[in-house]
Amino acid sequence: MTEPLVSGCTEGAVARLTLNDPSHANALSAAMMTALADAVAEAVADPAVRVIVLGAAGKVFCAGHDLGELRASDEAAEHEALFAQCSALMQAIVNSPKPVIARVQGAAVAAGCQLVASCDLAFAVDTARFAVSGINLGLFCSTPGVAVARAVGRKDALDLLLTGRFASAAEAAAMGLINRAVPADELDGAVDAAAATIAAKPPEAIALGKAVFNRQIERPLADAYAVASRAMAENLGYDSAKAGIDGFLKR
């Protein structure tokens, strides 16, 4: 049988979701985004669940969008639909009344970095790296920038977005993209401790507090994602982006 793109299990009050396509670096294809959105919705609907932990199989946490899928069509409407799907997924994580903790065991790139930034808490191995590196292929990471800019300062966000460079786990922690970088053998302990602490709190207060926090901290995500999604779709039509991605796919 084919392995599910997202595997899941519930241990007590904690739902553990795992991106499970390591042969494709857990890329956010349309199918992967659908599977993850469904898994998150199922965890949110389960009254026994108080915390969601999002991890990944293999060496890479998430490499971002499936570039082959993006280049399979030159239709702007299809590109906009993909970015809208991704934006809806990120907002579902942000809007989940149950806190979502990212367990980052490897690199988180572009929309993968966006996924980490969208989670409420994030812990990573100290060898993990983070980037919104689309600009290296001619495609500015506008939608990942929405989440990253809300997690780190303006200068740090633009540094990553404009240069496309990779930040170490230690630097990611310093700028606020993740909560803490730890040795690999301490990752599960850090994640489990945070999950257990949150799960022990009154769930109604946690849900209310998270919702209020997100309402007051920034302008509505939907407005920002709508603008950024259109920008991503337009950018994908640029010859430089097509050439950059095609070159990457031929490696």
# chains A, B, ... in the order shown; residues from 1 in each chain; ligands from 1
call {"tool": "select_by_dssp", "arguments": {"residues": "range 11-249 of chain A", "states": "strand (DSSP E or B)", "output": "VMD selection string"}}
result
chain A and resid 11 14 to 19 28 51 to 56 62 65 100 to 104 108 to 109 121 to 125 129 to 131 167 to 168 180 to 182
call {"tool": "write_last_selection", "arguments": {"atoms": "C-alpha atoms", "output": "compact mmCIF listing (two decimals), in the first residue's frame"}}
result
# COMPACT_ATOMS: atom_id res chain seq x y z
CA GLU A 11 -0.88 10.17 22.22
CA VAL A 14 -1.18 15.40 21.74
CA ALA A 15 -1.83 14.81 18.03
CA ARG A 16 1.39 14.07 16.16
CA LEU A 17 1.32 14.80 12.44
CA THR A 18 4.25 13.88 10.20
CA LEU A 19 5.00 15.08 6.67
CA LEU A 28 4.16 21.08 -0.42
CA VAL A 51 -1.87 20.28 21.24
CA ILE A 52 -0.73 19.44 17.70
CA VAL A 53 2.91 18.56 16.96
CA LEU A 54 3.99 18.83 13.33
CA GLY A 55 7.10 16.92 12.31
CA ALA A 56 8.56 15.38 9.18
CA CYS A 62 10.12 20.68 4.07
CA HIS A 65 6.48 24.18 -3.00
CA VAL A 100 0.69 23.84 16.85
CA ILE A 101 4.33 23.04 17.63
CA ALA A 102 6.81 22.46 14.81
CA ARG A 103 9.36 19.69 15.36
CA VAL A 104 12.08 20.60 12.86
CA ALA A 108 12.99 24.25 6.15
CA VAL A 109 13.07 26.14 2.87
CA LEU A 121 6.06 27.29 18.67
CA ALA A 122 9.02 25.67 16.92
CA PHE A 123 11.96 23.62 18.13
CA ALA A 124 14.75 22.52 15.82
CA VAL A 125 17.88 20.43 15.83
CA ARG A 129 18.88 25.45 8.34
CA PHE A 130 16.22 27.93 7.29
CA ALA A 131 15.77 29.97 4.12
CA ALA A 167 20.26 30.89 8.41
CA SER A 168 21.56 28.41 10.98
CA ARG A 180 15.11 26.99 20.53
CA ALA A 181 17.81 25.02 18.74
CA VAL A 182 18.88 21.84 20.51
call {"tool": "residues_around", "arguments": {"residues": "Ala81 in chain A", "least_positions_apart": "4", "cutoff": "10 Å", "atoms": "only C-alpha atoms", "output": "list in words"}}
result
Ala30, Ala76, Ala77, Gln85, Cys86, Ser87, Ser229, Arg230 and Ala233 of chain A
call {"tool": "write_last_selection", "arguments": {"atoms": "N, CA and C atoms", "output": "mmCIF file, in the first residue's frame"}}
result
data_model
loop_
_atom_site.group_PDB
_atom_site.id
_atom_site.type_symbol
_atom_site.label_atom_id
_atom_site.label_comp_id
_atom_site.auth_asym_id
_atom_site.auth_seq_id
_atom_site.Cartn_x
_atom_site.Cartn_y
_atom_site.Cartn_z
ATOM 1 N N ALA A 30 0.179 20.043 -4.152
ATOM 2 C CA ALA A 30 -1.242 20.230 -3.880
ATOM 3 C C ALA A 30 -1.769 19.072 -3.042
ATOM 4 N N ALA A 76 -1.802 31.451 -15.120
ATOM 5 C CA ALA A 76 -1.775 32.220 -13.874
ATOM 6 C C ALA A 76 -2.873 31.764 -12.916
ATOM 7 N N ALA A 77 -4.030 31.382 -13.461
ATOM 8 C CA ALA A 77 -5.141 30.962 -12.602
ATOM 9 C C ALA A 77 -4.783 29.707 -11.814
ATOM 10 N N GLN A 85 -4.330 27.881 -2.009
ATOM 11 C CA GLN A 85 -4.420 26.668 -1.193
ATOM 12 C C GLN A 85 -3.383 26.686 -0.085
ATOM 13 N N CYS A 86 -2.163 27.095 -0.418
ATOM 14 C CA CYS A 86 -1.101 27.173 0.583
ATOM 15 C C CYS A 86 -1.438 28.216 1.644
ATOM 16 N N SER A 87 -1.927 29.365 1.206
ATOM 17 C CA SER A 87 -2.284 30.426 2.151
ATOM 18 C C SER A 87 -3.385 29.964 3.099
ATOM 19 N N SER A 229 -0.222 36.188 -2.597
ATOM 20 C CA SER A 229 -0.514 35.080 -3.514
ATOM 21 C C SER A 229 -0.574 35.567 -4.956
ATOM 22 N N ARG A 230 -1.219 36.710 -5.165
ATOM 23 C CA ARG A 230 -1.272 37.269 -6.524
ATOM 24 C C ARG A 230 0.121 37.623 -7.012
ATOM 25 N N ALA A 233 1.958 34.409 -8.024
ATOM 26 C CA ALA A 233 1.465 33.900 -9.299
ATOM 27 C C ALA A 233 1.975 34.756 -10.460
#
call {"tool": "residues_around", "arguments": {"residues": "Ala243 in chain A", "least_positions_apart": "3", "cutoff": "12 Å", "atoms": "only C-alpha atoms", "output": "compact mmCIF listing (two decimals) with C-alpha atoms, in the first residue's frame"}}
result
# COMPACT_ATOMS: atom_id res chain seq x y z
CA LEU A 67 8.67 23.30 -8.26
CA ARG A 71 6.23 24.71 -13.80
CA ASN A 136 17.92 32.58 -6.07
CA LEU A 137 15.70 31.12 -8.81
CA GLY A 138 14.14 34.46 -9.74
CA LEU A 139 10.99 33.93 -7.67
CA LEU A 236 5.94 32.79 -11.62
CA GLY A 237 5.07 34.09 -15.09
CA TYR A 238 8.39 35.95 -15.37
CA ASP A 239 10.87 34.43 -17.78
CA SER A 240 13.65 34.73 -15.19
CA ASP A 246 13.77 24.90 -14.93
CA GLY A 247 17.49 25.03 -14.29
CA PHE A 248 16.98 23.73 -10.77
CA LEU A 249 14.73 20.89 -11.95
CA LYS A 250 17.38 19.74 -14.43
call {"tool": "residues_around", "arguments": {"residues": "Asn235 in chain A", "least_positions_apart": "6", "cutoff": "12 Å", "atoms": "only C-alpha atoms", "output": "list in words"}}
result
Leu70, Asp74, Ala76, His79, Glu80, Phe83, Gly134, Ile135, Leu137, Gly138, Leu139, Phe140, Cys141, Ser142, Thr143, Ala228, Ser229, Ala241, Lys242, Gly244 and Ile245 of chain A
call {"tool": "write_last_selection", "arguments": {"atoms": "N, CA and C atoms", "output": "PDB file, in the first residue's frame"}}
result
ATOM      1  N   LEU A  70       4.732  23.592 -10.025  1.00  0.00           N
ATOM      2  CA  LEU A  70       4.577  25.001 -10.389  1.00  0.00           C
ATOM      3  C   LEU A  70       4.870  25.240 -11.863  1.00  0.00           C
ATOM      4  N   ASP A  74       1.669  27.194 -17.334  1.00  0.00           N
ATOM      5  CA  ASP A  74       1.940  28.628 -17.365  1.00  0.00           C
ATOM      6  C   ASP A  74       0.671  29.438 -17.121  1.00  0.00           C
ATOM      7  N   ALA A  76      -1.802  31.451 -15.120  1.00  0.00           N
ATOM      8  CA  ALA A  76      -1.775  32.220 -13.874  1.00  0.00           C
ATOM      9  C   ALA A  76      -2.873  31.764 -12.916  1.00  0.00           C
ATOM     10  N   HIS A  79      -1.715  28.838 -10.970  1.00  0.00           N
ATOM     11  CA  HIS A  79      -0.725  29.240  -9.968  1.00  0.00           C
ATOM     12  C   HIS A  79      -1.407  29.924  -8.789  1.00  0.00           C
ATOM     13  N   GLU A  80      -2.352  30.790  -9.082  1.00  0.00           N
ATOM     14  CA  GLU A  80      -3.055  31.487  -8.005  1.00  0.00           C
ATOM     15  C   GLU A  80      -3.806  30.491  -7.126  1.00  0.00           C
ATOM     16  N   PHE A  83      -1.264  28.847  -4.735  1.00  0.00           N
ATOM     17  CA  PHE A  83      -0.838  29.737  -3.652  1.00  0.00           C
ATOM     18  C   PHE A  83      -1.995  30.040  -2.701  1.00  0.00           C
ATOM     19  N   GLY A 134      13.691  31.546  -2.672  1.00  0.00           N
ATOM     20  CA  GLY A 134      13.147  31.602  -4.017  1.00  0.00           C
ATOM     21  C   GLY A 134      13.831  32.621  -4.912  1.00  0.00           C
ATOM     22  N   ILE A 135      14.307  33.711  -4.327  1.00  0.00           N
ATOM     23  CA  ILE A 135      14.943  34.762  -5.127  1.00  0.00           C
ATOM     24  C   ILE A 135      16.157  34.228  -5.882  1.00  0.00           C
ATOM     25  N   LEU A 137      16.223  31.666  -7.557  1.00  0.00           N
ATOM     26  CA  LEU A 137      15.697  31.120  -8.805  1.00  0.00           C
ATOM     27  C   LEU A 137      14.887  32.155  -9.568  1.00  0.00           C
ATOM     28  N   GLY A 138      14.892  33.395  -9.084  1.00  0.00           N
ATOM     29  CA  GLY A 138      14.137  34.458  -9.741  1.00  0.00           C
ATOM     30  C   GLY A 138      12.715  34.601  -9.250  1.00  0.00           C
ATOM     31  N   LEU A 139      12.354  33.887  -8.188  1.00  0.00           N
ATOM     32  CA  LEU A 139      10.988  33.931  -7.665  1.00  0.00           C
ATOM     33  C   LEU A 139      11.010  34.412  -6.217  1.00  0.00           C
ATOM     34  N   PHE A 140      10.695  35.679  -5.992  1.00  0.00           N
ATOM     35  CA  PHE A 140      10.701  36.249  -4.645  1.00  0.00           C
ATOM     36  C   PHE A 140       9.651  35.546  -3.797  1.00  0.00           C
ATOM     37  N   CYS A 141      10.021  35.147  -2.587  1.00  0.00           N
ATOM     38  CA  CYS A 141       9.132  34.381  -1.703  1.00  0.00           C
ATOM     39  C   CYS A 141       8.117  35.293  -1.018  1.00  0.00           C
ATOM     40  N   SER A 142       7.180  35.814  -1.793  1.00  0.00           N
ATOM     41  CA  SER A 142       6.207  36.767  -1.255  1.00  0.00           C
ATOM     42  C   SER A 142       5.298  36.144  -0.209  1.00  0.00           C
ATOM     43  N   THR A 143       4.724  34.962  -0.499  1.00  0.00           N
ATOM     44  CA  THR A 143       3.822  34.355   0.489  1.00  0.00           C
ATOM     45  C   THR A 143       4.572  33.833   1.710  1.00  0.00           C
ATOM     46  N   ALA A 228      -0.047  38.744  -1.447  1.00  0.00           N
ATOM     47  CA  ALA A 228       1.175  37.972  -1.690  1.00  0.00           C
ATOM     48  C   ALA A 228       0.944  36.828  -2.665  1.00  0.00           C
ATOM     49  N   SER A 229      -0.222  36.188  -2.597  1.00  0.00           N
ATOM     50  CA  SER A 229      -0.514  35.080  -3.514  1.00  0.00           C
ATOM     51  C   SER A 229      -0.574  35.567  -4.956  1.00  0.00           C
ATOM     52  N   ALA A 241      12.068  33.665 -13.655  1.00  0.00           N
ATOM     53  CA  ALA A 241      11.648  32.653 -12.692  1.00  0.00           C
ATOM     54  C   ALA A 241      11.502  31.300 -13.369  1.00  0.00           C
ATOM     55  N   LYS A 242      10.922  31.293 -14.564  1.00  0.00           N
ATOM     56  CA  LYS A 242      10.780  30.037 -15.296  1.00  0.00           C
ATOM     57  C   LYS A 242      12.145  29.413 -15.567  1.00  0.00           C
ATOM     58  N   GLY A 244      14.991  30.011 -13.996  1.00  0.00           N
ATOM     59  CA  GLY A 244      15.652  29.625 -12.745  1.00  0.00           C
ATOM     60  C   GLY A 244      15.132  28.312 -12.215  1.00  0.00           C
ATOM     61  N   ILE A 245      13.810  28.132 -12.229  1.00  0.00           N
ATOM     62  CA  ILE A 245      13.219  26.890 -11.726  1.00  0.00           C
ATOM     63  C   ILE A 245      13.535  25.725 -12.658  1.00  0.00           C
TER      64      ILE A 245
END
call {"tool": "closest_residue", "arguments": {"among": "A:Ala196, A:Val49, A:Leu221, A:Ala107", "to": "Gly145 in chain A", "atoms": "only C-alpha atoms"}}
result
A:Leu221
call {"tool": "closest_residue", "arguments": {"among": "A:Ala174, A:Leu36, A:Leu115, A:Ala31", "to": "Gly8 in chain A", "atoms": "only C-alpha atoms"}}
result
A:Leu36
call {"tool": "residues_around", "arguments": {"residues": "Val132 in chain A", "least_positions_apart": "4", "cutoff": "7 Å", "atoms": "only C-alpha atoms", "output": "list in words"}}
result
Val109, Ala110, Cys113, Cys141, Pro144, Leu160, Leu161 and Gly164 of chain A
call {"tool": "select_by_dssp", "arguments": {"residues": "range 5-251 of chain A", "states": "alpha helix (DSSP H)", "output": "NGL selection string"}}
result
:A and (30-45 or 67-70 or 76-95 or 111-118 or 142-151 or 154-163 or 169-175 or 187-199 or 203-217 or 221-236 or 239-249)
call {"tool": "atom_distance", "arguments": {"atom1": "CA of Phe61 in chain A", "atom2": "CA of Arg215 in chain A"}}
result
28.4 Å
call {"tool": "residues_around", "arguments": {"residues": "His24 in chain A", "least_positions_apart": "5", "cutoff": "10 Å", "atoms": "only C-alpha atoms", "output": "JSON, numbers by chain"}}
result
{"A": [29, 58, 60, 62, 63, 66]}
call {"tool": "write_last_selection", "arguments": {"atoms": "N, CA and C atoms", "output": "short mmCIF file (atom, residue, chain, number, x, y, z; two decimals), in the first residue's frame"}}
result
data_model
loop_
_atom_site.label_atom_id
_atom_site.label_comp_id
_atom_site.auth_asym_id
_atom_site.auth_seq_id
_atom_site.Cartn_x
_atom_site.Cartn_y
_atom_site.Cartn_z
N SER A 29 3.30 19.86 -2.31
CA SER A 29 2.50 19.69 -3.51
C SER A 29 1.04 19.95 -3.15
N GLY A 58 12.47 11.80 7.30
CA GLY A 58 13.63 12.00 6.44
C GLY A 58 14.55 13.09 6.93
N VAL A 60 15.02 16.18 5.48
CA VAL A 60 14.55 17.55 5.24
C VAL A 60 13.17 17.73 5.87
N CYS A 62 10.97 20.37 5.22
CA CYS A 62 10.12 20.68 4.07
C CYS A 62 10.86 21.61 3.13
N ALA A 63 10.90 21.22 1.84
CA ALA A 63 11.64 21.98 0.83
C ALA A 63 10.81 23.07 0.18
N ASP A 66 6.33 22.34 -4.54
CA ASP A 66 6.80 21.39 -5.54
C ASP A 66 7.07 22.19 -6.82
#
